[in-house]
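> Have a look at the structure that comes next, please.
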Amino acid sequence: MLSEPRSGRLAAWGNALLAGLVSPDDAALAIVGEDTVHRVEGLPGESGQVGLTLALGRLRTLGTTGLRVALPAPGHPLGLSGPPDFNARALEAEEAVVCFGAAFGLVPAVHEAGPEGDVHVEVVWSVLPVREAPPADVPSLGEAERELAEALRDATEVLSKLDVAGSGPVAEAAIDAYRARSERGREVLAPGYPSRAVRVLELAQRVGLLVSLAYDRGPGGAVSAGEMAARGAALRPVERTARRAQVAAYNSVVEERERGVR
């Protein structure tokens, strides 16, 4: 939840490319980020793996006019529309990208190699058929923003009750890393996204940080299995709201285009 999902980078910069706001090379560099390389397999008309620039261009010629994000979790097919095979692959990866205008979706497989401190990360995106239908449970930006304000209050209250409000070296390191990401260039989303989407995504990441601290800090004030279960029950709705808001932010330009706003 803390780190930017790869599906978010692919959708955001892919949308900027499709809108003509960035070059193919710049979009590919932004999507790869700190990974070593990204490739795409299963693309119609290609027998093997291809690079991102070729893949995005081919998806455009196949009718893709926008890219949406899905961030599913068990019992919550957020952003998915089927069929079951694609949903299962996306759920296993915990993320996916769904094309708008063409019946395709992309699911990442992440491969890591190398010693600690020098790990090379390669990502292969598999292109699969999807059902052309409204994505599941994606709120509007306005709905997401209102839900997040409540979720932030709930998360802070839960953390305080559980005595994991953010003390200790692990929590401090997580907060420092979040601040560093927030201050690095301030480019939370790709060009073309509305300022409200940036605001919603930043708040969703902040709520995600608090939820992760609660889970990662160990028992905290909860010492029994029952209390640990209560912690999970209290935090799951907050985490769900943060994921919904992330998807709403990444998908906002496509939703606006679909409504004829742009």
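Residues in the structure tokens are named by chain (A, B, ... in the order shown) and by number from 1 within that chain; ligands are numbered from 1 in the order shown.
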Could you go through stretch 1-199 of chain A and tell me which residues DSSP, when run on the backbone, assigns to helix (DSSP H, G or I), listing them as JSON, numbers by chain?
{"A": [6, 7, 8, 9, 10, 11, 12, 13, 14, 15, 16, 17, 18, 24, 25, 26, 27, 28, 29, 30, 31, 32, 52, 53, 54, 55, 56, 57, 58, 59, 60, 61, 84, 85, 86, 87, 88, 89, 90, 91, 92, 93, 141, 142, 143, 144, 145, 146, 147, 148, 149, 150, 151, 152, 153, 154, 155, 156, 157, 158, 159, 160, 161, 169, 170, 171, 172, 173, 174, 175, 176, 177, 178, 179, 180, 181, 182, 183, 195, 196, 197, 198, 199]}
> Can you tell me which residues surround A:Pro139 at a distance of at most 9 Å, considering only C-alpha atoms, apart from same-chain residues fewer than 2 positions away, and format the answer as an MDAnalysis selection string?
chainID A and resid 137 141:144 244:245 247:248
> Nearest to A:Ser140: which of A:Ser7, A:Gln246, A:Ser23, A:Thr36 is it, counting only C-alpha atoms?
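Comparing A:Ser7, A:Gln246, A:Ser23, A:Thr36 against A:Ser140, the winner is A:Gln246.
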> When DSSP is applied to the backbone of this structure, which of stretch 31-164 of chain A are assigned strand (DSSP E)? Write them out as a VMD selection string.
chain A and resid 37 to 41 50 to 51 66 to 70 96 to 100 104 to 113 120 to 129
> Give one line per residue of stretch 101-165 of chain A that approaches stretch 37-55 of chain A to at most 8 Å, naming the two atoms of the closest pair and their distance in Å to one decimal, counting only C-alpha atoms; sort by chain then ascending residue number and deliver it as a tab-separated table.

```
residue	atom	partner	partner_atom	distance
A:Val121	CA	A:Val37	CA	7.1
A:Glu122	CA	A:Val37	CA	5.1
A:Val123	CA	A:His38	CA	4.7
A:Val124	CA	A:Arg39	CA	4.8
A:Trp125	CA	A:Val40	CA	4.6
A:Ser126	CA	A:Glu41	CA	5.0
A:Val127	CA	A:Gly42	CA	5.0
A:Leu128	CA	A:Gly42	CA	7.1
```
> Please produce a file of the residues just selected, as a PDB file, in the first residue's frame, where the atoms kept are N, CA and C atoms.

```pdb
ATOM      1  N   VAL A 121      15.222  -6.071 -10.882  1.00  0.00           N
ATOM      2  CA  VAL A 121      13.798  -6.387 -10.948  1.00  0.00           C
ATOM      3  C   VAL A 121      13.325  -6.308 -12.395  1.00  0.00           C
ATOM      4  N   GLU A 122      12.817  -7.418 -12.888  1.00  0.00           N
ATOM      5  CA  GLU A 122      12.238  -7.464 -14.226  1.00  0.00           C
ATOM      6  C   GLU A 122      10.747  -7.734 -14.105  1.00  0.00           C
ATOM      7  N   VAL A 123       9.970  -7.033 -14.893  1.00  0.00           N
ATOM      8  CA  VAL A 123       8.515  -7.159 -14.860  1.00  0.00           C
ATOM      9  C   VAL A 123       8.022  -7.571 -16.246  1.00  0.00           C
ATOM     10  N   VAL A 124       7.206  -8.617 -16.272  1.00  0.00           N
ATOM     11  CA  VAL A 124       6.589  -9.055 -17.527  1.00  0.00           C
ATOM     12  C   VAL A 124       5.076  -8.878 -17.391  1.00  0.00           C
ATOM     13  N   TRP A 125       4.514  -8.067 -18.264  1.00  0.00           N
ATOM     14  CA  TRP A 125       3.073  -7.834 -18.294  1.00  0.00           C
ATOM     15  C   TRP A 125       2.432  -8.805 -19.283  1.00  0.00           C
ATOM     16  N   SER A 126       1.464  -9.574 -18.832  1.00  0.00           N
ATOM     17  CA  SER A 126       0.733 -10.504 -19.702  1.00  0.00           C
ATOM     18  C   SER A 126      -0.554  -9.846 -20.170  1.00  0.00           C
ATOM     19  N   VAL A 127      -0.756  -9.824 -21.486  1.00  0.00           N
ATOM     20  CA  VAL A 127      -1.975  -9.272 -22.070  1.00  0.00           C
ATOM     21  C   VAL A 127      -3.014 -10.383 -22.156  1.00  0.00           C
ATOM     22  N   LEU A 128      -4.187 -10.136 -21.579  1.00  0.00           N
ATOM     23  CA  LEU A 128      -5.252 -11.141 -21.510  1.00  0.00           C
ATOM     24  C   LEU A 128      -6.582 -10.509 -21.918  1.00  0.00           C
TER      25      LEU A 128
END
```
> Of the residues A:Arg206, A:Arg196, A:Arg259, A:His76, which is the one nearest to A:Ala242, using only C-alpha atoms?
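Between A:Arg206, A:Arg196, A:Arg259, A:His76, the residue approaching A:Ala242 most closely is A:Arg206.
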> Find the distance between atom CA of A:Ala12 and atom CA of A:Gln205 and write it in Å to one decimal.
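Atom CA of A:Gln205 lies at a distance of 15.8 Å from atom CA of A:Ala12.
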> Between A:Glu92, A:Asp154, A:Glu132, A:Asp35, which one has atoms that come closest to A:Glu112, using only C-alpha atoms?
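Using only C-alpha atoms, the shortest distance to A:Glu112 belongs to A:Asp35.
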> Find the spatial neighbours of A:Ala28, counting only C-alpha atoms, within a cut-off of 8 Å - ignore same-chain residues fewer than 3 positions away - and output them as a PDB file with N, CA and C atoms, in the first residue's frame.

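Dumped everything to out.pdb:
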```pdb
ATOM      1  N   TRP A  13       1.040   6.960 -16.836  1.00  0.00           N
ATOM      2  CA  TRP A  13       1.911   7.423 -17.917  1.00  0.00           C
ATOM      3  C   TRP A  13       1.436   6.906 -19.275  1.00  0.00           C
ATOM      4  N   PRO A  24       6.792   8.624 -26.178  1.00  0.00           N
ATOM      5  CA  PRO A  24       6.848   7.200 -25.829  1.00  0.00           C
ATOM      6  C   PRO A  24       8.039   6.848 -24.939  1.00  0.00           C
ATOM      7  N   ASP A  25       9.204   7.422 -25.223  1.00  0.00           N
ATOM      8  CA  ASP A  25      10.391   7.119 -24.413  1.00  0.00           C
ATOM      9  C   ASP A  25      10.233   7.615 -22.989  1.00  0.00           C
ATOM     10  N   ILE A  31       7.352   4.552 -16.404  1.00  0.00           N
ATOM     11  CA  ILE A  31       6.687   3.303 -16.023  1.00  0.00           C
ATOM     12  C   ILE A  31       7.683   2.324 -15.396  1.00  0.00           C
ATOM     13  N   VAL A  32       8.854   2.207 -15.988  1.00  0.00           N
ATOM     14  CA  VAL A  32       9.872   1.287 -15.452  1.00  0.00           C
ATOM     15  C   VAL A  32      10.341   1.750 -14.079  1.00  0.00           C
ATOM     16  N   LEU A  52       7.917  -1.797 -23.854  1.00  0.00           N
ATOM     17  CA  LEU A  52       6.759  -0.992 -23.493  1.00  0.00           C
ATOM     18  C   LEU A  52       6.318  -0.055 -24.609  1.00  0.00           C
ATOM     19  N   THR A  53       7.272   0.580 -25.277  1.00  0.00           N
ATOM     20  CA  THR A  53       6.896   1.559 -26.299  1.00  0.00           C
ATOM     21  C   THR A  53       6.122   0.884 -27.426  1.00  0.00           C
TER      22      THR A  53
END
```
> Quick one: of A:Pro84, A:Gly14, A:Gly8, A:Gly33, who's nearest to A:Leu56, counting only C-alpha atoms?
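Distance minimum relative to A:Leu56 lands on A:Gly14.
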> A:Ser212, A:Thr61, A:Asn87, A:Ser195: which is nearest A:Ala73, counting only C-alpha atoms?
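Checking each candidate against A:Ala73, we get A:Asn87 as the closest.
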> What does the structure give for the distance between atom CA of A:Leu10 and atom CA of A:Ala90, in Å to one decimal?
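Taking atom CA of A:Leu10 and atom CA of A:Ala90, their separation equals 14.7 Å.
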> Excluding same-chain residues fewer than 5 positions from A:Ala102, what lies within 12 Å of it counting only C-alpha atoms, as a tab-separated table (two decimals) with C-alpha atoms, in the first residue's frame?

```tsv
chain	number	residue	atom	x	y	z
A	44	PRO	CA	-1.97	-9.64	-30.48
A	58	ARG	CA	0.05	-1.53	-30.50
A	59	LEU	CA	-2.64	-1.23	-27.83
A	60	ARG	CA	-3.51	2.18	-29.27
A	61	THR	CA	-3.92	0.73	-32.77
A	62	LEU	CA	-6.12	-2.00	-31.29
A	63	GLY	CA	-8.53	0.66	-30.04
A	64	THR	CA	-7.27	1.50	-26.57
A	65	THR	CA	-8.01	5.12	-25.65
A	66	GLY	CA	-7.33	4.91	-21.93
A	67	LEU	CA	-6.00	2.70	-19.15
A	68	ARG	CA	-7.64	1.90	-15.82
A	127	VAL	CA	-1.98	-9.27	-22.07
A	128	LEU	CA	-5.25	-11.14	-21.51
A	129	PRO	CA	-8.83	-10.77	-22.74
A	130	VAL	CA	-11.23	-8.92	-20.44
A	131	ARG	CA	-14.96	-8.36	-20.36
A	132	GLU	CA	-16.02	-4.89	-21.48
A	133	ALA	CA	-18.14	-3.82	-18.52
```
